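Undergrad: Next comes the structure file structure04.txt, holding compact mmCIF, all heavy atoms.
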# COMPACT_ATOMS: atom_id res chain seq x y z
N MET A 249 -6.62 14.37 -16.91
CA MET A 249 -7.24 13.59 -17.95
C MET A 249 -6.14 12.91 -18.75
O MET A 249 -5.15 13.53 -19.10
CB MET A 249 -8.09 14.51 -18.83
CG MET A 249 -8.67 13.83 -20.02
SD MET A 249 -9.65 14.94 -21.04
CE MET A 249 -11.14 14.96 -20.10
N TYR A 250 -6.31 11.61 -19.01
CA TYR A 250 -5.30 10.84 -19.73
C TYR A 250 -5.83 10.46 -21.12
O TYR A 250 -7.00 10.14 -21.28
CB TYR A 250 -4.94 9.58 -18.96
CG TYR A 250 -4.18 9.89 -17.69
CD1 TYR A 250 -4.85 10.12 -16.50
CD2 TYR A 250 -2.79 9.96 -17.70
CE1 TYR A 250 -4.15 10.42 -15.34
CE2 TYR A 250 -2.09 10.26 -16.55
CZ TYR A 250 -2.77 10.48 -15.37
OH TYR A 250 -2.08 10.77 -14.23
N CYS A 251 -4.94 10.44 -22.09
CA CYS A 251 -5.29 10.06 -23.46
C CYS A 251 -5.52 8.55 -23.52
O CYS A 251 -4.70 7.77 -23.03
CB CYS A 251 -4.16 10.46 -24.41
SG CYS A 251 -4.44 9.94 -26.11
N SER A 252 -6.63 8.14 -24.14
CA SER A 252 -6.93 6.72 -24.24
C SER A 252 -6.06 6.03 -25.29
O SER A 252 -5.96 4.81 -25.30
CB SER A 252 -8.41 6.52 -24.57
OG SER A 252 -8.72 7.10 -25.82
N ALA A 253 -5.40 6.80 -26.15
CA ALA A 253 -4.55 6.21 -27.18
C ALA A 253 -3.10 6.03 -26.72
O ALA A 253 -2.55 4.94 -26.84
CB ALA A 253 -4.58 7.08 -28.44
N CYS A 254 -2.51 7.09 -26.16
CA CYS A 254 -1.09 7.00 -25.79
C CYS A 254 -0.86 6.96 -24.28
O CYS A 254 0.24 6.65 -23.83
CB CYS A 254 -0.30 8.16 -26.40
SG CYS A 254 -0.64 9.78 -25.66
N GLY A 255 -1.89 7.28 -23.49
CA GLY A 255 -1.78 7.20 -22.03
C GLY A 255 -1.13 8.39 -21.37
O GLY A 255 -0.97 8.41 -20.16
N LYS A 256 -0.76 9.41 -22.13
CA LYS A 256 -0.12 10.58 -21.54
C LYS A 256 -1.16 11.49 -20.89
O LYS A 256 -2.30 11.57 -21.31
CB LYS A 256 0.62 11.37 -22.62
CG LYS A 256 1.66 10.58 -23.34
CD LYS A 256 3.01 10.84 -22.79
CE LYS A 256 4.01 10.06 -23.61
NZ LYS A 256 5.34 10.50 -23.47
N GLU A 257 -0.72 12.20 -19.85
CA GLU A 257 -1.61 13.11 -19.14
C GLU A 257 -1.72 14.43 -19.88
O GLU A 257 -0.73 14.98 -20.34
CB GLU A 257 -1.08 13.36 -17.73
CG GLU A 257 -2.02 14.18 -16.89
CD GLU A 257 -1.57 14.31 -15.44
OE1 GLU A 257 -0.45 13.89 -15.12
OE2 GLU A 257 -2.36 14.85 -14.65
N ASN A 258 -2.95 14.90 -20.03
CA ASN A 258 -3.26 16.18 -20.67
C ASN A 258 -4.06 17.02 -19.70
O ASN A 258 -4.62 16.51 -18.73
CB ASN A 258 -4.08 15.95 -21.94
CG ASN A 258 -3.26 15.35 -23.07
OD1 ASN A 258 -2.75 16.05 -23.91
ND2 ASN A 258 -3.11 14.03 -23.07
N GLY A 259 -4.18 18.30 -19.96
CA GLY A 259 -4.98 19.18 -19.11
C GLY A 259 -6.46 18.88 -19.27
O GLY A 259 -6.90 18.35 -20.28
N GLU A 260 -7.24 19.25 -18.26
CA GLU A 260 -8.69 19.07 -18.31
C GLU A 260 -9.28 19.93 -19.42
O GLU A 260 -8.84 21.04 -19.65
CB GLU A 260 -9.32 19.44 -16.97
CG GLU A 260 -9.00 18.47 -15.85
CD GLU A 260 -9.57 17.09 -16.07
OE1 GLU A 260 -10.70 16.96 -16.58
OE2 GLU A 260 -8.88 16.12 -15.75
N GLY A 261 -10.29 19.39 -20.09
CA GLY A 261 -11.01 20.14 -21.10
C GLY A 261 -10.36 20.18 -22.47
O GLY A 261 -10.86 20.84 -23.36
N LYS A 262 -9.24 19.48 -22.66
CA LYS A 262 -8.57 19.47 -23.96
C LYS A 262 -9.37 18.61 -24.93
O LYS A 262 -9.93 17.59 -24.57
CB LYS A 262 -7.15 18.92 -23.85
CG LYS A 262 -6.26 19.71 -22.93
CD LYS A 262 -5.98 21.08 -23.50
CE LYS A 262 -5.08 21.87 -22.59
NZ LYS A 262 -4.90 23.22 -22.97
N LYS A 263 -9.44 19.03 -26.19
CA LYS A 263 -10.18 18.29 -27.21
C LYS A 263 -9.30 17.25 -27.91
O LYS A 263 -9.79 16.23 -28.38
CB LYS A 263 -10.78 19.24 -28.23
CG LYS A 263 -11.85 20.13 -27.62
CD LYS A 263 -12.53 20.98 -28.63
CE LYS A 263 -13.50 21.90 -27.91
NZ LYS A 263 -14.76 22.03 -28.52
N PHE A 264 -7.99 17.53 -27.98
CA PHE A 264 -7.06 16.61 -28.62
C PHE A 264 -5.82 16.44 -27.75
O PHE A 264 -5.40 17.38 -27.06
CB PHE A 264 -6.64 17.14 -30.00
CG PHE A 264 -7.79 17.22 -30.97
CD1 PHE A 264 -8.53 18.38 -31.12
CD2 PHE A 264 -8.15 16.11 -31.71
CE1 PHE A 264 -9.59 18.45 -32.00
CE2 PHE A 264 -9.22 16.16 -32.59
CZ PHE A 264 -9.94 17.33 -32.73
N CYS A 265 -5.23 15.25 -27.78
CA CYS A 265 -4.01 14.98 -27.01
C CYS A 265 -2.87 15.84 -27.55
O CYS A 265 -2.64 15.90 -28.75
CB CYS A 265 -3.66 13.49 -27.13
SG CYS A 265 -2.11 13.07 -26.30
N ARG A 266 -2.15 16.48 -26.66
CA ARG A 266 -1.05 17.33 -27.08
C ARG A 266 0.18 16.53 -27.49
O ARG A 266 1.13 17.07 -28.05
CB ARG A 266 -0.69 18.31 -25.97
CG ARG A 266 -0.22 17.65 -24.70
CD ARG A 266 -0.05 18.64 -23.61
NE ARG A 266 1.35 19.04 -23.54
CZ ARG A 266 1.89 19.64 -22.50
NH1 ARG A 266 1.15 19.93 -21.46
NH2 ARG A 266 3.16 19.96 -22.50
N TYR A 267 0.19 15.22 -27.24
CA TYR A 267 1.33 14.38 -27.59
C TYR A 267 1.11 13.61 -28.90
O TYR A 267 1.99 13.56 -29.75
CB TYR A 267 1.63 13.39 -26.46
CG TYR A 267 1.99 14.09 -25.19
CD1 TYR A 267 1.04 14.30 -24.20
CD2 TYR A 267 3.26 14.59 -24.97
CE1 TYR A 267 1.36 14.96 -23.02
CE2 TYR A 267 3.60 15.25 -23.81
CZ TYR A 267 2.63 15.43 -22.83
OH TYR A 267 2.95 16.09 -21.69
N CYS A 268 -0.08 13.00 -29.07
CA CYS A 268 -0.30 12.18 -30.25
C CYS A 268 -1.42 12.70 -31.16
O CYS A 268 -1.60 12.19 -32.26
CB CYS A 268 -0.61 10.73 -29.85
SG CYS A 268 -2.24 10.47 -29.11
N GLY A 269 -2.20 13.70 -30.70
CA GLY A 269 -3.24 14.28 -31.53
C GLY A 269 -4.57 13.53 -31.52
O GLY A 269 -5.51 13.93 -32.19
N HIS A 270 -4.65 12.45 -30.76
CA HIS A 270 -5.88 11.66 -30.68
C HIS A 270 -6.99 12.49 -30.04
O HIS A 270 -6.74 13.27 -29.14
CB HIS A 270 -5.63 10.40 -29.85
CG HIS A 270 -6.74 9.41 -29.88
ND1 HIS A 270 -7.71 9.38 -28.92
CD2 HIS A 270 -7.01 8.41 -30.74
CE1 HIS A 270 -8.55 8.40 -29.20
NE2 HIS A 270 -8.15 7.79 -30.30
N LYS A 271 -8.23 12.31 -30.52
CA LYS A 271 -9.37 13.06 -29.96
C LYS A 271 -9.63 12.56 -28.54
O LYS A 271 -9.76 11.37 -28.30
CB LYS A 271 -10.61 12.88 -30.82
CG LYS A 271 -11.76 13.73 -30.37
CD LYS A 271 -12.93 13.67 -31.32
CE LYS A 271 -14.03 14.59 -30.84
NZ LYS A 271 -15.17 14.58 -31.74
N MET A 272 -9.69 13.51 -27.60
CA MET A 272 -9.91 13.17 -26.20
C MET A 272 -11.39 12.90 -25.96
O MET A 272 -12.26 13.56 -26.53
CB MET A 272 -9.46 14.31 -25.28
CG MET A 272 -7.99 14.64 -25.41
SD MET A 272 -6.89 13.35 -24.81
CE MET A 272 -7.10 13.56 -23.07
N LYS A 273 -11.68 11.92 -25.13
CA LYS A 273 -13.06 11.61 -24.75
C LYS A 273 -13.40 12.42 -23.53
O LYS A 273 -12.75 12.31 -22.49
CB LYS A 273 -13.21 10.12 -24.45
CG LYS A 273 -12.99 9.25 -25.66
CD LYS A 273 -13.16 7.80 -25.32
CE LYS A 273 -12.94 6.94 -26.55
NZ LYS A 273 -13.02 5.52 -26.24
N GLN A 274 -14.41 13.26 -23.65
CA GLN A 274 -14.85 14.09 -22.53
C GLN A 274 -15.75 13.26 -21.63
O GLN A 274 -16.71 12.66 -22.10
CB GLN A 274 -15.58 15.33 -23.04
CG GLN A 274 -14.74 16.20 -23.94
CD GLN A 274 -13.51 16.77 -23.25
OE1 GLN A 274 -13.59 17.19 -22.11
NE2 GLN A 274 -12.40 16.79 -23.95
N ARG A 275 -15.46 13.22 -20.37
CA ARG A 275 -16.26 12.48 -19.40
C ARG A 275 -17.04 13.46 -18.55
O ARG A 275 -16.50 14.45 -18.09
CB ARG A 275 -15.36 11.64 -18.50
CG ARG A 275 -14.62 10.59 -19.28
CD ARG A 275 -13.83 9.75 -18.35
NE ARG A 275 -13.03 8.80 -19.13
CZ ARG A 275 -12.01 8.14 -18.65
NH1 ARG A 275 -11.64 8.33 -17.41
NH2 ARG A 275 -11.36 7.30 -19.41
N PRO A 276 -18.32 13.16 -18.32
CA PRO A 276 -19.10 14.05 -17.46
C PRO A 276 -18.61 13.97 -16.02
O PRO A 276 -18.14 12.92 -15.56
CB PRO A 276 -20.52 13.50 -17.58
CG PRO A 276 -20.35 12.08 -18.01
CD PRO A 276 -19.08 12.04 -18.81
N ILE A 277 -18.70 15.07 -15.31
CA ILE A 277 -18.31 15.10 -13.90
C ILE A 277 -19.46 14.55 -13.08
O ILE A 277 -20.59 15.02 -13.17
CB ILE A 277 -17.95 16.52 -13.45
CG1 ILE A 277 -16.76 17.02 -14.26
CG2 ILE A 277 -17.68 16.58 -11.95
CD1 ILE A 277 -16.43 18.48 -14.03
N ILE A 278 -19.17 13.54 -12.29
CA ILE A 278 -20.19 12.91 -11.46
C ILE A 278 -19.80 13.07 -10.00
O ILE A 278 -18.69 12.73 -9.62
CB ILE A 278 -20.32 11.41 -11.79
CG1 ILE A 278 -20.69 11.23 -13.25
CG2 ILE A 278 -21.34 10.74 -10.89
CD1 ILE A 278 -20.65 9.80 -13.71
N GLU A 279 -20.70 13.63 -9.22
CA GLU A 279 -20.43 13.76 -7.79
C GLU A 279 -20.95 12.52 -7.09
O GLU A 279 -22.06 12.07 -7.33
CB GLU A 279 -21.12 15.00 -7.24
CG GLU A 279 -20.53 16.29 -7.76
CD GLU A 279 -21.13 17.50 -7.11
OE1 GLU A 279 -21.65 17.38 -5.99
OE2 GLU A 279 -21.07 18.57 -7.72
N VAL A 280 -20.11 11.95 -6.24
CA VAL A 280 -20.46 10.73 -5.53
C VAL A 280 -20.45 11.01 -4.04
O VAL A 280 -19.50 11.57 -3.51
CB VAL A 280 -19.45 9.60 -5.85
CG1 VAL A 280 -19.79 8.34 -5.08
CG2 VAL A 280 -19.40 9.33 -7.34
N GLU A 281 -21.52 10.62 -3.39
CA GLU A 281 -21.59 10.77 -1.94
C GLU A 281 -20.93 9.55 -1.33
O GLU A 281 -21.30 8.42 -1.62
CB GLU A 281 -23.05 10.86 -1.49
CG GLU A 281 -23.17 11.17 -0.02
CD GLU A 281 -24.61 11.39 0.40
OE1 GLU A 281 -25.41 11.88 -0.41
OE2 GLU A 281 -24.91 11.05 1.55
N GLU A 282 -19.93 9.76 -0.48
CA GLU A 282 -19.15 8.66 0.06
C GLU A 282 -19.58 8.24 1.46
O GLU A 282 -18.99 7.34 2.03
CB GLU A 282 -17.67 9.04 0.06
CG GLU A 282 -17.12 9.20 -1.33
CD GLU A 282 -15.62 9.44 -1.34
OE1 GLU A 282 -14.96 9.08 -0.35
OE2 GLU A 282 -15.14 9.97 -2.33
N SER A 283 -20.58 8.88 2.01
CA SER A 283 -20.99 8.52 3.36
C SER A 283 -21.80 7.23 3.35
O SER A 283 -22.48 6.91 2.39
CB SER A 283 -21.81 9.64 3.99
OG SER A 283 -23.01 9.81 3.28
N VAL A 284 -21.69 6.48 4.42
CA VAL A 284 -22.41 5.22 4.56
C VAL A 284 -23.27 5.30 5.80
O VAL A 284 -22.81 5.71 6.87
CB VAL A 284 -21.42 4.03 4.69
CG1 VAL A 284 -22.16 2.74 4.96
CG2 VAL A 284 -20.56 3.91 3.46
N ASN A 285 -24.50 4.92 5.68
CA ASN A 285 -25.40 4.89 6.81
C ASN A 285 -25.11 3.60 7.59
O ASN A 285 -25.45 2.52 7.15
CB ASN A 285 -26.86 4.92 6.32
CG ASN A 285 -27.84 4.95 7.46
OD1 ASN A 285 -27.47 4.84 8.63
ND2 ASN A 285 -29.11 5.09 7.14
N VAL A 286 -24.50 3.72 8.76
CA VAL A 286 -24.10 2.54 9.52
C VAL A 286 -25.31 1.78 10.06
O VAL A 286 -25.20 0.60 10.39
CB VAL A 286 -23.14 2.88 10.68
CG1 VAL A 286 -21.79 3.32 10.13
CG2 VAL A 286 -23.72 3.90 11.60
N ASP A 287 -26.46 2.41 10.15
CA ASP A 287 -27.66 1.72 10.61
C ASP A 287 -28.14 0.68 9.59
O ASP A 287 -28.80 -0.28 9.93
CB ASP A 287 -28.79 2.71 10.88
CG ASP A 287 -28.46 3.64 12.03
OD1 ASP A 287 -27.67 3.22 12.93
OD2 ASP A 287 -28.95 4.78 12.03
N SER A 288 -27.77 0.88 8.31
CA SER A 288 -28.21 -0.05 7.27
C SER A 288 -27.21 -1.17 7.00
O SER A 288 -27.46 -2.04 6.20
CB SER A 288 -28.48 0.70 5.97
OG SER A 288 -27.26 1.23 5.47
N VAL A 289 -26.06 -1.16 7.70
CA VAL A 289 -25.04 -2.19 7.50
C VAL A 289 -25.27 -3.30 8.51
O VAL A 289 -25.24 -3.09 9.71
CB VAL A 289 -23.62 -1.61 7.66
CG1 VAL A 289 -22.58 -2.69 7.51
CG2 VAL A 289 -23.40 -0.48 6.67
N ALA A 290 -25.53 -4.51 8.01
CA ALA A 290 -25.77 -5.64 8.90
C ALA A 290 -24.44 -6.19 9.42
O ALA A 290 -23.49 -6.33 8.67
CB ALA A 290 -26.52 -6.74 8.16
N GLU A 291 -24.40 -6.46 10.71
CA GLU A 291 -23.20 -7.06 11.29
C GLU A 291 -23.32 -8.57 11.21
O GLU A 291 -24.33 -9.15 11.60
CB GLU A 291 -23.02 -6.62 12.74
CG GLU A 291 -22.67 -5.16 12.87
CD GLU A 291 -22.36 -4.80 14.31
OE1 GLU A 291 -21.91 -5.67 15.07
OE2 GLU A 291 -22.57 -3.63 14.66
N GLU A 292 -22.29 -9.22 10.69
CA GLU A 292 -22.26 -10.67 10.62
C GLU A 292 -21.21 -11.18 11.59
O GLU A 292 -20.15 -10.56 11.74
CB GLU A 292 -21.94 -11.12 9.19
CG GLU A 292 -23.01 -10.72 8.20
CD GLU A 292 -22.72 -11.24 6.80
OE1 GLU A 292 -21.94 -12.21 6.69
OE2 GLU A 292 -23.26 -10.69 5.86
N PRO A 293 -21.47 -12.31 12.24
CA PRO A 293 -20.47 -12.86 13.15
C PRO A 293 -19.22 -13.31 12.41
O PRO A 293 -19.30 -13.75 11.25
CB PRO A 293 -21.18 -14.04 13.80
CG PRO A 293 -22.27 -14.41 12.85
CD PRO A 293 -22.63 -13.15 12.14
N ILE A 294 -18.08 -13.17 13.06
CA ILE A 294 -16.81 -13.62 12.47
C ILE A 294 -16.67 -15.12 12.73
O ILE A 294 -16.74 -15.57 13.87
CB ILE A 294 -15.62 -12.86 13.09
CG1 ILE A 294 -15.77 -11.37 12.80
CG2 ILE A 294 -14.30 -13.40 12.56
CD1 ILE A 294 -14.76 -10.50 13.49
N VAL A 295 -16.48 -15.87 11.67
CA VAL A 295 -16.33 -17.32 11.79
C VAL A 295 -14.87 -17.66 11.57
O VAL A 295 -14.29 -17.30 10.57
CB VAL A 295 -17.20 -18.05 10.73
CG1 VAL A 295 -17.02 -19.55 10.85
CG2 VAL A 295 -18.65 -17.63 10.88
N GLU A 296 -14.28 -18.36 12.55
CA GLU A 296 -12.86 -18.73 12.43
C GLU A 296 -12.71 -20.20 12.19
O GLU A 296 -13.46 -21.01 12.55
CB GLU A 296 -12.11 -18.31 13.69
CG GLU A 296 -12.06 -16.81 13.82
CD GLU A 296 -11.25 -16.39 15.05
OE1 GLU A 296 -10.52 -17.20 15.61
OE2 GLU A 296 -11.36 -15.23 15.40
Go ahead and express the file in the form of structure tokens.
TA:
Amino acid sequence: MYCSACGKENGEGKKFCRYCGHKMKQRPIIEVEESVNVDSVAEEPIVE
């Protein structure tokens, strides 16, 4: 997790930046599925 004020890296779950004291913004953890259904991808011809 990086501080939005000074840009330094801090540990996860910190409430304040250990370098500048700025309040850290907590972001929710979002799980993203990275698989793509190839049946739904339309193939377009390559035009040169």
Undergrad: To one decimal place in Å, what is the distance between atom O of Lys273 in chain A and CB of Cys254 in chain A?
TA: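 Interatomic distance, atom O of Lys273 in chain A to CB of Cys254 in chain A: 13.7 Å.
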Undergrad: Quick one: distance from CG of Tyr250 in chain A to SD of Met272 in chain A in Å, one decimal?
TA: 8.4 Å
Undergrad: Record the distance separating CB of Cys251 in chain A and NZ of Lys263 in chain A, expressed in Å with one decimal.
TA: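 Rounded to one decimal, the two atoms are 16.2 Å apart.
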Undergrad: At a cut-off of 9 Å, using only C-alpha atoms, what residues contact Gly261 in chain A? Leave out same-chain residues fewer than 3 positions from it and give the result as a PDB file with all heavy atoms, in the frame of the given file.
TA:
ATOM      1  N   MET A 249      -6.620  14.370 -16.910  1.00  0.00           N
ATOM      2  CA  MET A 249      -7.240  13.590 -17.950  1.00  0.00           C
ATOM      3  C   MET A 249      -6.140  12.910 -18.750  1.00  0.00           C
ATOM      4  O   MET A 249      -5.150  13.530 -19.100  1.00  0.00           O
ATOM      5  CB  MET A 249      -8.090  14.510 -18.830  1.00  0.00           C
ATOM      6  CG  MET A 249      -8.670  13.830 -20.020  1.00  0.00           C
ATOM      7  SD  MET A 249      -9.650  14.940 -21.040  1.00  0.00           S
ATOM      8  CE  MET A 249     -11.140  14.960 -20.100  1.00  0.00           C
ATOM      9  N   ASN A 258      -2.950  14.900 -20.030  1.00  0.00           N
ATOM     10  CA  ASN A 258      -3.260  16.180 -20.670  1.00  0.00           C
ATOM     11  C   ASN A 258      -4.060  17.020 -19.700  1.00  0.00           C
ATOM     12  O   ASN A 258      -4.620  16.510 -18.730  1.00  0.00           O
ATOM     13  CB  ASN A 258      -4.080  15.950 -21.940  1.00  0.00           C
ATOM     14  CG  ASN A 258      -3.260  15.350 -23.070  1.00  0.00           C
ATOM     15  OD1 ASN A 258      -2.750  16.050 -23.910  1.00  0.00           O
ATOM     16  ND2 ASN A 258      -3.110  14.030 -23.070  1.00  0.00           N
ATOM     17  N   MET A 272      -9.690  13.510 -27.600  1.00  0.00           N
ATOM     18  CA  MET A 272      -9.910  13.170 -26.200  1.00  0.00           C
ATOM     19  C   MET A 272     -11.390  12.900 -25.960  1.00  0.00           C
ATOM     20  O   MET A 272     -12.260  13.560 -26.530  1.00  0.00           O
ATOM     21  CB  MET A 272      -9.460  14.310 -25.280  1.00  0.00           C
ATOM     22  CG  MET A 272      -7.990  14.640 -25.410  1.00  0.00           C
ATOM     23  SD  MET A 272      -6.890  13.350 -24.810  1.00  0.00           S
ATOM     24  CE  MET A 272      -7.100  13.560 -23.070  1.00  0.00           C
ATOM     25  N   GLN A 274     -14.410  13.260 -23.650  1.00  0.00           N
ATOM     26  CA  GLN A 274     -14.850  14.090 -22.530  1.00  0.00           C
ATOM     27  C   GLN A 274     -15.750  13.260 -21.630  1.00  0.00           C
ATOM     28  O   GLN A 274     -16.710  12.660 -22.100  1.00  0.00           O
ATOM     29  CB  GLN A 274     -15.580  15.330 -23.040  1.00  0.00           C
ATOM     30  CG  GLN A 274     -14.740  16.200 -23.940  1.00  0.00           C
ATOM     31  CD  GLN A 274     -13.510  16.770 -23.250  1.00  0.00           C
ATOM     32  OE1 GLN A 274     -13.590  17.190 -22.110  1.00  0.00           O
ATOM     33  NE2 GLN A 274     -12.400  16.790 -23.950  1.00  0.00           N
TER      34      GLN A 274
END
Undergrad: Extending 4 Å beyond the listed atoms of range 250-258 of chain A on each side, what axis-aligned box results? I want centre and edge lengths in Å to one decimal, as AutoDock Vina command-line options.
TA:
--center_x -1.7 --center_y 10.9 --center_z -21.3 --size_x 22.1 --size_y 20.2 --size_z 22.2
